[in-house]
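Shown below: coords_12.cif, with mmCIF, C-alpha atoms.
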data_entry
loop_
_atom_site.label_atom_id
_atom_site.label_comp_id
_atom_site.auth_asym_id
_atom_site.auth_seq_id
_atom_site.Cartn_x
_atom_site.Cartn_y
_atom_site.Cartn_z
CA MET A 28 -14.76 -22.41 -17.78
CA LEU A 29 -17.65 -23.05 -20.14
CA PRO A 30 -19.84 -20.22 -21.49
CA SER A 31 -22.76 -21.90 -19.72
CA ASP A 32 -21.01 -21.95 -16.33
CA LYS A 33 -22.70 -19.60 -13.89
CA ILE A 34 -21.19 -17.00 -11.63
CA ASN A 35 -22.88 -14.89 -9.00
CA PHE A 36 -21.10 -11.72 -7.91
CA GLU A 37 -24.25 -10.04 -6.52
CA LYS A 38 -23.27 -10.53 -2.90
CA ILE A 39 -19.52 -10.36 -3.35
CA GLN A 40 -17.84 -7.26 -1.96
CA PHE A 41 -15.16 -6.15 -4.41
CA LEU A 42 -12.36 -3.72 -3.76
CA VAL A 43 -10.67 -2.31 -6.87
CA VAL A 44 -7.45 -0.35 -6.36
CA ASP A 45 -5.70 1.52 -9.16
CA SER A 46 -3.96 4.88 -9.14
CA ASN A 47 -4.78 5.40 -12.80
CA HIS A 48 -8.35 6.81 -12.83
CA HIS A 49 -9.07 5.67 -16.35
CA SER A 50 -7.88 2.14 -15.64
CA LEU A 51 -9.85 2.11 -12.37
CA ASN A 52 -13.03 3.04 -14.24
CA LEU A 53 -12.44 0.34 -16.86
CA THR A 54 -11.89 -2.40 -14.28
CA THR A 55 -14.90 -1.27 -12.26
CA ALA A 56 -17.07 -1.23 -15.40
CA VAL A 57 -16.02 -4.79 -16.23
CA VAL A 58 -16.72 -6.04 -12.70
CA ALA A 59 -20.10 -4.27 -12.66
CA GLY A 60 -20.82 -5.85 -16.04
CA PHE A 61 -20.19 -9.24 -14.46
CA GLY A 62 -23.08 -8.52 -12.12
CA ALA A 63 -21.25 -7.16 -9.06
CA HIS A 64 -23.31 -4.68 -7.05
CA ASN A 65 -20.91 -3.98 -4.22
CA ILE A 66 -17.75 -2.38 -5.51
CA LEU A 67 -15.50 -0.20 -3.42
CA LYS A 68 -12.77 1.57 -5.32
CA CYS A 69 -9.84 3.81 -4.51
CA THR A 70 -6.76 5.31 -6.10
CA THR A 71 -4.15 5.04 -3.35
CA VAL A 72 -2.68 2.29 -1.23
CA ALA A 73 -3.29 4.45 1.84
CA GLU A 74 -7.04 4.52 1.09
CA ALA A 75 -7.02 0.80 0.34
CA ARG A 76 -5.43 0.15 3.74
CA ASP A 77 -8.16 2.18 5.46
CA ILE A 78 -10.89 0.33 3.58
CA VAL A 79 -9.40 -3.08 4.35
CA CYS A 80 -9.22 -2.13 8.03
CA GLY A 81 -12.86 -1.06 8.11
CA HIS A 82 -14.85 -3.29 5.73
CA PRO A 83 -15.01 -7.01 5.07
CA ILE A 84 -13.81 -7.56 1.49
CA ASP A 85 -14.43 -10.72 -0.56
CA PHE A 86 -12.30 -10.13 -3.65
CA LEU A 87 -9.48 -7.64 -4.17
CA LEU A 88 -8.23 -6.46 -7.56
CA ILE A 89 -5.17 -4.26 -7.25
CA SER A 90 -2.89 -2.64 -9.78
CA ALA A 91 0.71 -3.69 -9.27
CA GLN A 92 1.90 -0.22 -10.30
CA MET A 93 0.47 2.13 -7.69
CA ALA A 94 1.63 5.73 -7.48
CA ASP A 95 2.08 6.00 -3.72
CA GLU A 96 3.28 2.49 -2.84
CA ASP A 97 3.99 -0.74 -4.65
CA GLY A 98 0.87 -2.90 -5.11
CA TYR A 99 2.80 -6.08 -4.28
CA ALA A 100 4.04 -4.51 -1.03
CA PHE A 101 0.42 -3.78 -0.12
CA VAL A 102 -0.49 -7.44 -0.63
CA ARG A 103 2.45 -8.47 1.57
CA TRP A 104 1.06 -6.15 4.27
CA LEU A 105 -2.48 -7.50 3.75
CA ARG A 106 -1.35 -11.10 4.26
CA ARG A 107 0.50 -10.28 7.47
CA LYS A 108 -1.04 -7.26 9.15
CA ALA A 109 -4.59 -6.76 7.87
CA PRO A 110 -7.53 -7.58 10.15
CA GLU A 111 -8.07 -11.36 10.30
CA VAL A 112 -11.35 -11.11 8.36
CA ASN A 113 -9.54 -9.80 5.28
CA ARG A 114 -6.13 -11.37 5.63
CA PHE A 115 -6.75 -14.39 3.43
CA ILE A 116 -9.12 -12.99 0.82
CA PRO A 117 -8.52 -13.79 -2.86
CA VAL A 118 -6.31 -11.17 -4.54
CA ILE A 119 -5.59 -10.66 -8.21
CA ALA A 120 -2.87 -8.19 -9.20
CA LEU A 121 -3.24 -6.34 -12.49
CA SER A 122 0.08 -5.46 -14.07
CA SER A 123 0.91 -3.27 -17.05
CA HIS A 124 4.55 -4.36 -17.07
CA THR A 125 6.61 -6.27 -14.55
CA ARG A 126 10.09 -4.86 -14.01
CA ARG A 127 12.82 -7.45 -13.90
CA SER A 128 13.52 -6.44 -10.33
CA GLN A 129 9.88 -7.14 -9.40
CA VAL A 130 9.41 -10.63 -10.77
CA LEU A 131 10.21 -12.24 -7.43
CA ALA A 132 8.12 -9.69 -5.51
CA ALA A 133 5.15 -10.60 -7.73
CA ARG A 134 5.69 -14.30 -7.08
CA ASP A 135 6.25 -13.97 -3.35
CA CYS A 136 3.74 -11.33 -2.22
CA GLY A 137 0.87 -13.80 -1.76
CA VAL A 138 -1.51 -13.07 -4.63
CA GLN A 139 -3.71 -15.73 -6.19
CA GLY A 140 -2.61 -14.55 -9.62
CA VAL A 141 -1.34 -11.74 -11.80
CA ILE A 142 -3.21 -10.60 -14.89
CA ALA A 143 -1.53 -8.57 -17.58
CA LYS A 144 -3.14 -5.31 -18.65
CA PRO A 145 -4.86 -4.16 -20.78
CA LEU A 146 -7.63 -5.90 -18.93
CA VAL A 147 -9.48 -8.45 -21.06
CA PRO A 148 -12.87 -9.32 -19.51
CA LYS A 149 -12.61 -12.95 -20.62
CA VAL A 150 -9.26 -13.34 -18.86
CA LEU A 151 -10.60 -11.77 -15.66
CA ILE A 152 -13.72 -13.93 -15.49
CA GLU A 153 -11.72 -17.08 -16.24
CA ARG A 154 -9.32 -16.18 -13.46
CA ALA A 155 -12.22 -15.42 -11.10
CA PHE A 156 -13.67 -18.87 -11.80
CA TRP A 157 -10.26 -20.40 -11.24
CA VAL A 158 -9.80 -18.57 -7.95
CA ALA A 159 -13.31 -19.55 -6.80
CA HIS A 160 -12.42 -23.20 -7.41
CA ASP A 161 -8.87 -22.88 -6.09
CA ASP A 162 -8.41 -25.37 -3.28
CA ARG A 163 -4.77 -24.67 -2.48
CA ARG A 164 -3.80 -24.34 1.14
CA TYR A 165 -2.46 -21.14 2.60
CA ILE A 166 1.11 -21.22 3.78
CA VAL A 167 2.20 -19.05 6.67
CA CYS A 168 5.89 -18.98 7.45
CA GLU A 169 8.56 -16.41 8.14
CA GLY A 170 9.34 -15.63 4.51
CA TYR A 171 5.96 -16.10 2.87
CA VAL A 172 2.25 -15.77 3.56
CA GLY A 173 -0.17 -16.70 0.81
CA PRO A 174 -1.59 -19.54 -1.23
CA ASP A 175 0.73 -22.47 -1.86
CA ARG A 176 2.84 -21.44 -4.83
CA ARG A 177 2.98 -25.00 -6.08
CA LEU A 178 -0.01 -25.54 -8.34
CA GLN A 179 0.73 -29.27 -8.44
CA ASN A 180 2.49 -31.26 -5.78
CA LEU A 181 4.72 -33.68 -7.66
CA GLY A 182 6.94 -34.31 -4.68
CA PRO A 183 10.61 -33.40 -4.34
CA PRO A 184 12.95 -33.63 -7.36
CA GLN A 185 14.09 -37.16 -8.22
CA GLY A 186 16.86 -38.35 -5.96
CA ILE A 187 16.20 -35.70 -3.31
CA GLU A 188 14.52 -36.58 -0.06
CA GLY A 189 11.66 -34.22 0.65
CA ARG A 190 11.46 -32.22 3.85
CA ARG A 191 7.69 -32.00 4.04
CA GLU A 192 5.35 -34.57 5.54
CA GLU A 193 3.34 -34.89 2.35
CA ASP A 194 6.38 -35.22 0.09
CA MET A 195 6.61 -39.00 0.41
CA GLN A 196 2.97 -39.44 -0.51
CA ALA A 197 3.25 -36.95 -3.41
CA ALA A 198 6.39 -38.66 -4.68
CA ALA A 199 4.61 -42.02 -4.54
CA GLU A 200 1.61 -40.61 -6.42
CA ALA A 201 3.89 -39.02 -9.02
CA SER A 202 5.69 -42.35 -9.38
CA ASP A 203 2.32 -44.14 -9.84
CA ILE A 204 1.34 -41.65 -12.56
CA GLU A 205 4.69 -42.16 -14.27
CA ALA A 206 4.24 -45.94 -14.12
CA GLU A 207 0.74 -45.61 -15.60
CA HIS A 208 2.07 -43.47 -18.46
CA GLU A 209 4.85 -45.98 -19.09
CA ALA A 210 2.37 -48.86 -19.14
CA ALA A 211 0.10 -46.95 -21.52
CA LYS A 212 3.05 -46.31 -23.83
CA GLN A 213 3.98 -50.00 -23.82
CA ILE A 214 0.38 -51.01 -24.63
CA GLU A 215 0.30 -48.46 -27.45
CA ALA A 216 3.64 -49.75 -28.81
CA ALA A 217 2.43 -53.35 -28.66
CA ARG A 218 -0.62 -52.56 -30.84
CA MET B 272 14.04 -23.84 10.88
CA SER B 273 11.02 -21.51 10.96
CA LYS B 274 7.60 -22.91 11.82
CA VAL B 275 5.22 -23.38 8.89
CA ARG B 276 1.43 -23.33 9.20
CA LYS B 277 -0.76 -24.72 6.44
CA PHE B 278 -4.52 -24.46 6.26
CA ARG B 279 -7.43 -24.12 3.88
CA VAL B 280 -9.63 -21.04 3.86
CA LYS B 281 -13.27 -21.11 2.84
CA THR B 282 -13.84 -17.81 1.04
CA LYS B 283 -17.14 -16.19 0.15
CA LEU B 284 -16.00 -16.28 -3.47
CA SER B 285 -15.72 -20.06 -3.36
CA THR B 286 -19.16 -20.49 -1.82
CA VAL B 287 -21.58 -17.68 -2.73
CA ALA B 288 -20.16 -16.84 -6.17
CA LEU B 289 -20.61 -20.37 -7.44
CA ARG B 290 -24.32 -20.54 -6.56
CA GLY B 291 -26.68 -19.37 -9.30
CA GLY B 292 -26.15 -16.05 -11.01
CA ILE B 293 -25.62 -15.40 -14.70
CA THR B 294 -23.76 -17.47 -17.29
CA ALA B 295 -20.18 -16.59 -18.16
CA ALA B 296 -21.30 -15.80 -21.71
CA GLU B 297 -23.90 -13.33 -20.44
CA ALA B 298 -21.43 -11.79 -17.99
CA LEU B 299 -18.94 -11.23 -20.81
CA ASN B 300 -21.59 -9.65 -23.04
CA ARG B 301 -22.61 -7.31 -20.22
CA ALA B 302 -18.98 -6.42 -19.48
CA ASP B 303 -18.43 -5.66 -23.15
CA ASP B 304 -21.48 -3.36 -23.14
CA ALA B 305 -20.26 -1.70 -19.95
CA LEU B 306 -16.93 -0.91 -21.62
CA ASP B 307 -18.53 0.72 -24.66
CA PRO B 308 -18.73 4.25 -23.19
CA TYR B 309 -15.00 4.10 -22.38
CA ARG B 310 -13.66 3.04 -25.77
CA GLY B 311 -13.69 6.52 -27.31
CA GLU B 312 -12.24 7.96 -24.12
CA ALA B 313 -9.45 5.35 -24.23
CA LEU B 314 -8.32 6.60 -27.64
CA VAL B 315 -8.27 10.18 -26.38
CA VAL B 316 -6.24 9.10 -23.33
CA ILE B 317 -3.76 7.16 -25.47
CA ASP B 318 -3.32 10.03 -27.92
CA ALA B 319 -2.70 12.45 -25.04
CA LEU B 320 -0.15 10.11 -23.48
CA MET B 321 1.64 9.65 -26.80
CA ALA B 322 1.70 13.39 -27.38
CA GLU B 323 3.24 13.90 -23.95
CA MET B 324 5.85 11.20 -24.57
CA ALA B 325 6.80 12.79 -27.91
CA ALA B 326 6.97 16.27 -26.42
CA ARG B 327 9.15 15.24 -23.49
CA PHE B 328 11.20 12.36 -24.87
CA GLY B 329 10.94 12.54 -28.68
CA PRO B 330 13.49 13.92 -31.16
CA VAL B 331 12.11 17.47 -30.85
CA ALA B 332 12.24 17.52 -27.05
CA ALA B 333 14.99 20.01 -26.30
CA GLY B 334 15.09 19.35 -22.57
CA ARG B 335 14.89 15.57 -22.63
CA GLU B 336 18.30 15.02 -21.06
CA ALA B 337 16.90 16.56 -17.88
CA GLU B 338 13.78 14.37 -17.93
CA ASP B 339 13.38 11.40 -15.61
CA LEU B 340 13.07 8.12 -17.54
CA GLU B 341 10.73 6.90 -14.80
CA ASP B 342 8.13 9.32 -16.19
CA LEU B 343 8.47 7.71 -19.62
CA TYR B 344 7.96 4.31 -18.00
CA MET B 345 4.81 5.54 -16.25
CA LEU B 346 3.43 7.12 -19.44
CA ALA B 347 4.05 3.90 -21.43
CA SER B 348 2.46 1.76 -18.73
CA ARG B 349 -0.61 4.01 -18.78
CA VAL B 350 -0.84 3.45 -22.55
CA ILE B 351 -0.98 -0.29 -21.79
CA ASP B 352 -3.72 0.29 -19.19
CA ALA B 353 -5.82 2.25 -21.64
CA SER B 354 -5.30 -0.01 -24.66
CA ILE B 355 -8.45 -1.96 -23.98
CA GLY B 356 -10.00 -2.61 -27.38
CA LEU B 357 -6.79 -1.62 -29.14
CA SER B 358 -4.98 -4.88 -28.47
CA GLU B 359 -5.59 -6.04 -32.03
CA ALA B 360 -3.51 -3.10 -33.25
CA GLY B 361 -0.48 -4.08 -31.16
CA VAL B 362 -0.35 -0.71 -29.36
CA ASP B 363 -0.26 -2.34 -25.93
CA ARG B 364 2.60 -4.62 -26.96
CA ALA B 365 4.63 -1.72 -28.37
CA ALA B 366 4.07 0.18 -25.11
CA HIS B 367 5.13 -2.93 -23.22
CA ALA B 368 8.31 -3.05 -25.31
CA LEU B 369 8.96 0.59 -24.40
CA CYS B 370 8.51 -0.23 -20.68
CA THR B 371 11.03 -3.06 -21.07
CA LEU B 372 13.49 -0.74 -22.81
CA VAL B 373 13.20 1.86 -20.05
CA ASP B 374 13.44 -0.79 -17.31
CA LEU B 375 16.64 -2.18 -18.84
CA SER B 376 17.97 1.36 -19.41
CA GLN B 377 17.45 2.17 -15.74
CA GLU B 378 19.17 -1.05 -14.70
CA SER B 379 22.17 -0.57 -16.97
CA GLY B 380 22.40 3.21 -16.79
CA VAL B 381 22.35 3.43 -20.59
CA ARG B 382 20.14 6.17 -22.03
CA ASP B 383 19.82 5.51 -25.75
CA TRP B 384 17.68 8.18 -27.42
CA GLU B 385 17.64 6.49 -30.81
CA ALA B 386 16.20 3.33 -29.29
CA ILE B 387 13.57 5.40 -27.47
CA GLU B 388 12.69 7.27 -30.67
CA VAL B 389 12.26 3.99 -32.58
CA HIS B 390 9.84 2.79 -29.91
CA LEU B 391 7.86 6.04 -29.93
CA GLU B 392 7.65 5.89 -33.73
CA ALA B 393 6.48 2.27 -33.63
CA LEU B 394 3.80 3.23 -31.12
CA ARG B 395 2.60 6.03 -33.40
CA LEU B 396 2.61 3.71 -36.41
CA LEU B 397 0.59 1.00 -34.67
CA ARG B 398 -1.84 3.50 -33.17
CA LEU B 399 -2.56 4.97 -36.62
CA HIS B 400 -2.30 1.88 -38.85
CA GLY B 401 -2.02 -1.18 -36.62
CA HIS B 402 -5.61 -2.24 -37.28
CA SER B 403 -4.93 -2.53 -41.00
CA PHE B 404 -1.68 -4.47 -40.51
CA SER B 405 -1.67 -8.23 -40.79
CA LEU B 406 -0.59 -10.13 -37.72
CA ALA B 407 2.73 -10.92 -39.45
CA GLU B 408 3.32 -7.22 -40.14
CA GLN B 409 2.61 -6.33 -36.51
CA GLU B 410 4.97 -9.06 -35.37
CA ARG B 411 7.72 -7.68 -37.61
CA VAL B 412 7.38 -4.27 -35.99
CA LEU B 413 7.40 -5.76 -32.48
CA ASP B 414 10.31 -8.10 -33.24
CA GLY B 415 12.20 -5.09 -34.55
CA LEU B 416 11.70 -3.34 -31.21
CA LYS B 417 13.02 -6.37 -29.37
CA THR B 418 16.10 -6.42 -31.61
CA VAL B 419 16.75 -2.71 -31.05
CA THR B 420 16.52 -3.16 -27.27
CA ALA B 421 18.79 -6.20 -27.32
CA LYS B 422 21.42 -4.41 -29.40
CA ARG B 423 21.35 -1.07 -27.63
CA VAL B 424 20.49 -1.76 -23.98
CA GLY B 425 20.27 -5.45 -23.10
CA ASP B 426 18.53 -8.69 -23.88
CA PRO B 427 14.84 -8.32 -23.00
CA ASP B 428 14.43 -12.13 -22.84
CA GLU B 429 17.31 -12.73 -20.46
CA GLN B 430 15.00 -12.97 -17.45
CA LYS B 431 12.71 -15.44 -19.16
CA ARG B 432 15.59 -17.74 -20.00
CA ALA B 433 17.17 -17.52 -16.56
#
Structure encoded using structure tokens:
Amino acid sequence: MLPSDKINFEKIQFLVVDSNHHSLNLTTAVVAGFGAHNILKCTTVAEARDIVCGHPIDFLLISAQMADEDGYAFVRWLRRKAPEVNRFIPVIALSSHTRRSQVLAARDCGVQGVIAKPLVPKVLIERAFWVAHDDRRYIVCEGYVGPDRRLQNLGPPQGIEGRREEDMQAAAEASDIEAEHEAAKQIEAAR
Amino acid sequence: MSKVRKFRVKTKLSTVALRGGITAAEALNRADDALDPYRGEALVVIDALMAEMAARFGPVAAGREAEDLEDLYMLASRVIDASIGLSEAGVDRAAHALCTLVDLSQESGVRDWEAIEVHLEALRLLRLHGHSFSLAEQERVLDGLKTVTAKRVGDPDEQKRA
């Protein structure tokens, strides 16, 4: 993201969820500062569920540490049970501290990303840009619903035959890249 | 084997938000201005949270054995939430270290009051003087907390290495 890159949140419907009032106000102030006009906010997962069931939302920011229910569990629900219109919206989780027992839950709940608190506006806007440009596919299967967790498809590990259709192509591309690097190294060494 | 569906979703964020609007630099300036009214309030919130932690879990807290460590975890995580603008002092990182200590304590069943007191004292120190500390001095305090946790409760970096 360059400082001159433009972003337009005027018509984006935000939902900010945080059970800590002070933190909720800070996040809302930052988002409003970014130019957002439509911001719904709430302090419980129960309220968030009602809102998601009644309003189209474009971007969800949710605290991972909610008082009434785990924020990651809410995202798991959103990806599976929410009305279709909101099921695949971009979600960023905001986390003060991730318990060791929650690391996998954070990875597997289906968020686009997790941002550490205290919220730094620069980090949030960079992540928003990244999410806006994110072209990953959604994966829906029994154990996971959310954006592809692989940020790069380098194919299956060396020596292992991939199970996915695109694995062969990805492995070939990765092999081409490796060959290019090797050739570049040899040219450099020859100089 | 379960069936897997893969598809791309066109979101409003990826279409509308990238058309026109304000520059990132301007957005950040505006966000900074919008946070101004909350900075003083954040200090008040942090001081209140620290006072509550000291009163319930500090060396003078007579009834601390009966307290739930989960409350200490919540109080420390709220310090992190409110530390906006205080990051340079290291307060958020000390509170994060306290959350890690409590998390590991809950996992292992070890309740080490001396380790908790050291963390509370470090928080107080950084809140009062962190801004005047050099980065190296702050790091020494935070590294000390990590060492205390590793010695008394468990290795805080174990998960990262695994």
Counting all atoms listed in the file, which residue out of A:Val130, A:Ala159, A:Leu146, A:Val79 sits closest to A:Arg114?
A:Val79
Starting from the point (8.4, -12.3, -5.6), work out which residues of protein, DNA or RNA have an atom no more than 12 Å away when counting all atoms listed in the file; state them as a PyMOL selection string.
chain A and resi 99-100+102-103+125-138+140-141+170-173+176
If you measure from atom CA of A:Phe156 to atom CA of B:Val287, what distance in Å do you get, rounded to one decimal?
12.1 Å
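Using only C-alpha atoms, the smallest distance between any of A:Trp104, A:Trp157, A:Phe36, A:Phe41 and chain B comes from A:Phe36.
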At a cut-off of 9 Å, using only C-alpha atoms, what residues contact B:Ala296? Leave out same-chain residues fewer than 5 positions from it and give the result as a ChimeraX atom specification.
/A:29-33 /B:301
Using all atoms listed in the file, which protein or nucleic acid residues come within 12 Å of B:Asp414? Drop anything in the same chain fewer than 4 positions from it, and give the result as an MDAnalysis selection string.
chainID B and resid 361 364:365 368 390 393 406:410 418:421 427:428
Suppose you want the space between atom CA of A:His160 and atom CA of A:Met93; what is it in Å?
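Answer for the atom CA of A:His160 to atom CA of A:Met93 separation: 28.4 Å.
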So, counting all atoms listed in the file, which residue among B:Arg327, B:His400, B:His367, B:Lys422 is closest to chain A?
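Among B:Arg327, B:His400, B:His367, B:Lys422, it is B:His367 that comes nearest to chain A.
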Only N, CA and C atoms needed: put stretch 153-184 of chain A from the block into a file as a PDB file, in the first residue's frame.
ATOM      1  N   GLU A 153      -3.796  -1.108   6.082  1.00  0.00           N
ATOM      2  CA  GLU A 153      -3.005  -1.985   5.199  1.00  0.00           C
ATOM      3  C   GLU A 153      -3.708  -3.323   5.011  1.00  0.00           C
ATOM      4  N   ARG A 154      -4.269  -3.834   6.104  1.00  0.00           N
ATOM      5  CA  ARG A 154      -4.961  -5.119   6.022  1.00  0.00           C
ATOM      6  C   ARG A 154      -6.247  -4.988   5.194  1.00  0.00           C
ATOM      7  N   ALA A 155      -6.918  -3.834   5.331  1.00  0.00           N
ATOM      8  CA  ALA A 155      -8.138  -3.615   4.544  1.00  0.00           C
ATOM      9  C   ALA A 155      -7.813  -3.590   3.054  1.00  0.00           C
ATOM     10  N   PHE A 156      -6.726  -2.913   2.692  1.00  0.00           N
ATOM     11  CA  PHE A 156      -6.271  -2.906   1.297  1.00  0.00           C
ATOM     12  C   PHE A 156      -5.986  -4.330   0.835  1.00  0.00           C
ATOM     13  N   TRP A 157      -5.287  -5.050   1.686  1.00  0.00           N
ATOM     14  CA  TRP A 157      -4.896  -6.423   1.344  1.00  0.00           C
ATOM     15  C   TRP A 157      -6.139  -7.289   1.125  1.00  0.00           C
ATOM     16  N   VAL A 158      -7.101  -7.140   2.020  1.00  0.00           N
ATOM     17  CA  VAL A 158      -8.335  -7.935   1.903  1.00  0.00           C
ATOM     18  C   VAL A 158      -9.103  -7.539   0.642  1.00  0.00           C
ATOM     19  N   ALA A 159      -9.133  -6.236   0.341  1.00  0.00           N
ATOM     20  CA  ALA A 159      -9.843  -5.770  -0.859  1.00  0.00           C
ATOM     21  C   ALA A 159      -9.221  -6.362  -2.132  1.00  0.00           C
ATOM     22  N   HIS A 160      -7.916  -6.572  -2.099  1.00  0.00           N
ATOM     23  CA  HIS A 160      -7.232  -7.129  -3.267  1.00  0.00           C
ATOM     24  C   HIS A 160      -7.101  -8.651  -3.207  1.00  0.00           C
ATOM     25  N   ASP A 161      -7.532  -9.230  -2.117  1.00  0.00           N
ATOM     26  CA  ASP A 161      -7.364 -10.671  -1.903  1.00  0.00           C
ATOM     27  C   ASP A 161      -8.197 -11.463  -2.911  1.00  0.00           C
ATOM     28  N   ASP A 162      -7.526 -12.286  -3.683  1.00  0.00           N
ATOM     29  CA  ASP A 162      -8.226 -13.015  -4.741  1.00  0.00           C
ATOM     30  C   ASP A 162      -8.308 -14.516  -4.431  1.00  0.00           C
ATOM     31  N   ARG A 163      -8.072 -14.866  -3.179  1.00  0.00           N
ATOM     32  CA  ARG A 163      -8.099 -16.295  -2.843  1.00  0.00           C
ATOM     33  C   ARG A 163      -9.514 -16.849  -2.990  1.00  0.00           C
ATOM     34  N   ARG A 164      -9.572 -18.129  -3.315  1.00  0.00           N
ATOM     35  CA  ARG A 164     -10.883 -18.763  -3.407  1.00  0.00           C
ATOM     36  C   ARG A 164     -11.390 -19.136  -2.019  1.00  0.00           C
ATOM     37  N   TYR A 165     -12.680 -19.252  -1.914  1.00  0.00           N
ATOM     38  CA  TYR A 165     -13.264 -19.799  -0.683  1.00  0.00           C
ATOM     39  C   TYR A 165     -13.268 -21.313  -0.779  1.00  0.00           C
ATOM     40  N   ILE A 166     -13.043 -21.946   0.343  1.00  0.00           N
ATOM     41  CA  ILE A 166     -13.067 -23.395   0.412  1.00  0.00           C
ATOM     42  C   ILE A 166     -14.236 -23.779   1.316  1.00  0.00           C
ATOM     43  N   VAL A 167     -15.072 -24.650   0.833  1.00  0.00           N
ATOM     44  CA  VAL A 167     -16.166 -25.157   1.668  1.00  0.00           C
ATOM     45  C   VAL A 167     -16.036 -26.674   1.734  1.00  0.00           C
ATOM     46  N   CYS A 168     -15.731 -27.172   2.901  1.00  0.00           N
ATOM     47  CA  CYS A 168     -15.691 -28.624   3.082  1.00  0.00           C
ATOM     48  C   CYS A 168     -16.150 -28.927   4.511  1.00  0.00           C
ATOM     49  N   GLU A 169     -16.159 -30.176   4.849  1.00  0.00           N
ATOM     50  CA  GLU A 169     -16.721 -30.572   6.140  1.00  0.00           C
ATOM     51  C   GLU A 169     -16.013 -29.888   7.318  1.00  0.00           C
ATOM     52  N   GLY A 170     -14.696 -29.809   7.251  1.00  0.00           N
ATOM     53  CA  GLY A 170     -13.952 -29.296   8.403  1.00  0.00           C
ATOM     54  C   GLY A 170     -13.608 -27.826   8.345  1.00  0.00           C
ATOM     55  N   TYR A 171     -13.864 -27.177   7.218  1.00  0.00           N
ATOM     56  CA  TYR A 171     -13.437 -25.779   7.093  1.00  0.00           C
ATOM     57  C   TYR A 171     -14.289 -25.029   6.080  1.00  0.00           C
ATOM     58  N   VAL A 172     -14.670 -23.818   6.443  1.00  0.00           N
ATOM     59  CA  VAL A 172     -15.305 -22.900   5.493  1.00  0.00           C
ATOM     60  C   VAL A 172     -14.619 -21.557   5.639  1.00  0.00           C
ATOM     61  N   GLY A 173     -14.031 -21.082   4.555  1.00  0.00           N
ATOM     62  CA  GLY A 173     -13.363 -19.784   4.620  1.00  0.00           C
ATOM     63  C   GLY A 173     -12.418 -19.629   3.458  1.00  0.00           C
ATOM     64  N   PRO A 174     -11.674 -18.509   3.463  1.00  0.00           N
ATOM     65  CA  PRO A 174     -10.723 -18.305   2.360  1.00  0.00           C
ATOM     66  C   PRO A 174      -9.619 -19.358   2.422  1.00  0.00           C
ATOM     67  N   ASP A 175      -9.108 -19.716   1.262  1.00  0.00           N
ATOM     68  CA  ASP A 175      -8.016 -20.684   1.189  1.00  0.00           C
ATOM     69  C   ASP A 175      -6.906 -20.247   2.153  1.00  0.00           C
ATOM     70  N   ARG A 176      -6.500 -21.163   3.024  1.00  0.00           N
ATOM     71  CA  ARG A 176      -5.492 -20.790   4.019  1.00  0.00           C
ATOM     72  C   ARG A 176      -4.092 -20.749   3.433  1.00  0.00           C
ATOM     73  N   ARG A 177      -3.956 -21.272   2.212  1.00  0.00           N
ATOM     74  CA  ARG A 177      -2.643 -21.186   1.569  1.00  0.00           C
ATOM     75  C   ARG A 177      -2.559 -19.842   0.845  1.00  0.00           C
ATOM     76  N   LEU A 178      -1.615 -19.021   1.250  1.00  0.00           N
ATOM     77  CA  LEU A 178      -1.474 -17.720   0.600  1.00  0.00           C
ATOM     78  C   LEU A 178      -0.766 -17.875  -0.737  1.00  0.00           C
ATOM     79  N   GLN A 179       0.034 -18.919  -0.882  1.00  0.00           N
ATOM     80  CA  GLN A 179       0.722 -19.216  -2.121  1.00  0.00           C
ATOM     81  C   GLN A 179       0.544 -20.690  -2.388  1.00  0.00           C
ATOM     82  N   ASN A 180       0.257 -21.051  -3.612  1.00  0.00           N
ATOM     83  CA  ASN A 180       0.143 -22.468  -3.922  1.00  0.00           C
ATOM     84  C   ASN A 180       1.447 -22.940  -4.568  1.00  0.00           C
ATOM     85  N   LEU A 181       2.291 -23.547  -3.756  1.00  0.00           N
ATOM     86  CA  LEU A 181       3.565 -24.038  -4.281  1.00  0.00           C
ATOM     87  C   LEU A 181       3.506 -25.533  -4.574  1.00  0.00           C
ATOM     88  N   GLY A 182       2.301 -26.073  -4.577  1.00  0.00           N
ATOM     89  CA  GLY A 182       2.169 -27.494  -4.863  1.00  0.00           C
ATOM     90  C   GLY A 182       2.449 -28.331  -3.631  1.00  0.00           C
ATOM     91  N   PRO A 183       2.320 -29.642  -3.762  1.00  0.00           N
ATOM     92  CA  PRO A 183       2.559 -30.523  -2.614  1.00  0.00           C
ATOM     93  C   PRO A 183       4.051 -30.562  -2.278  1.00  0.00           C
ATOM     94  N   PRO A 184       4.415 -31.007  -1.059  1.00  0.00           N
ATOM     95  CA  PRO A 184       5.837 -31.109  -0.717  1.00  0.00           C
ATOM     96  C   PRO A 184       6.563 -32.017  -1.706  1.00  0.00           C
TER      97      PRO A 184
END
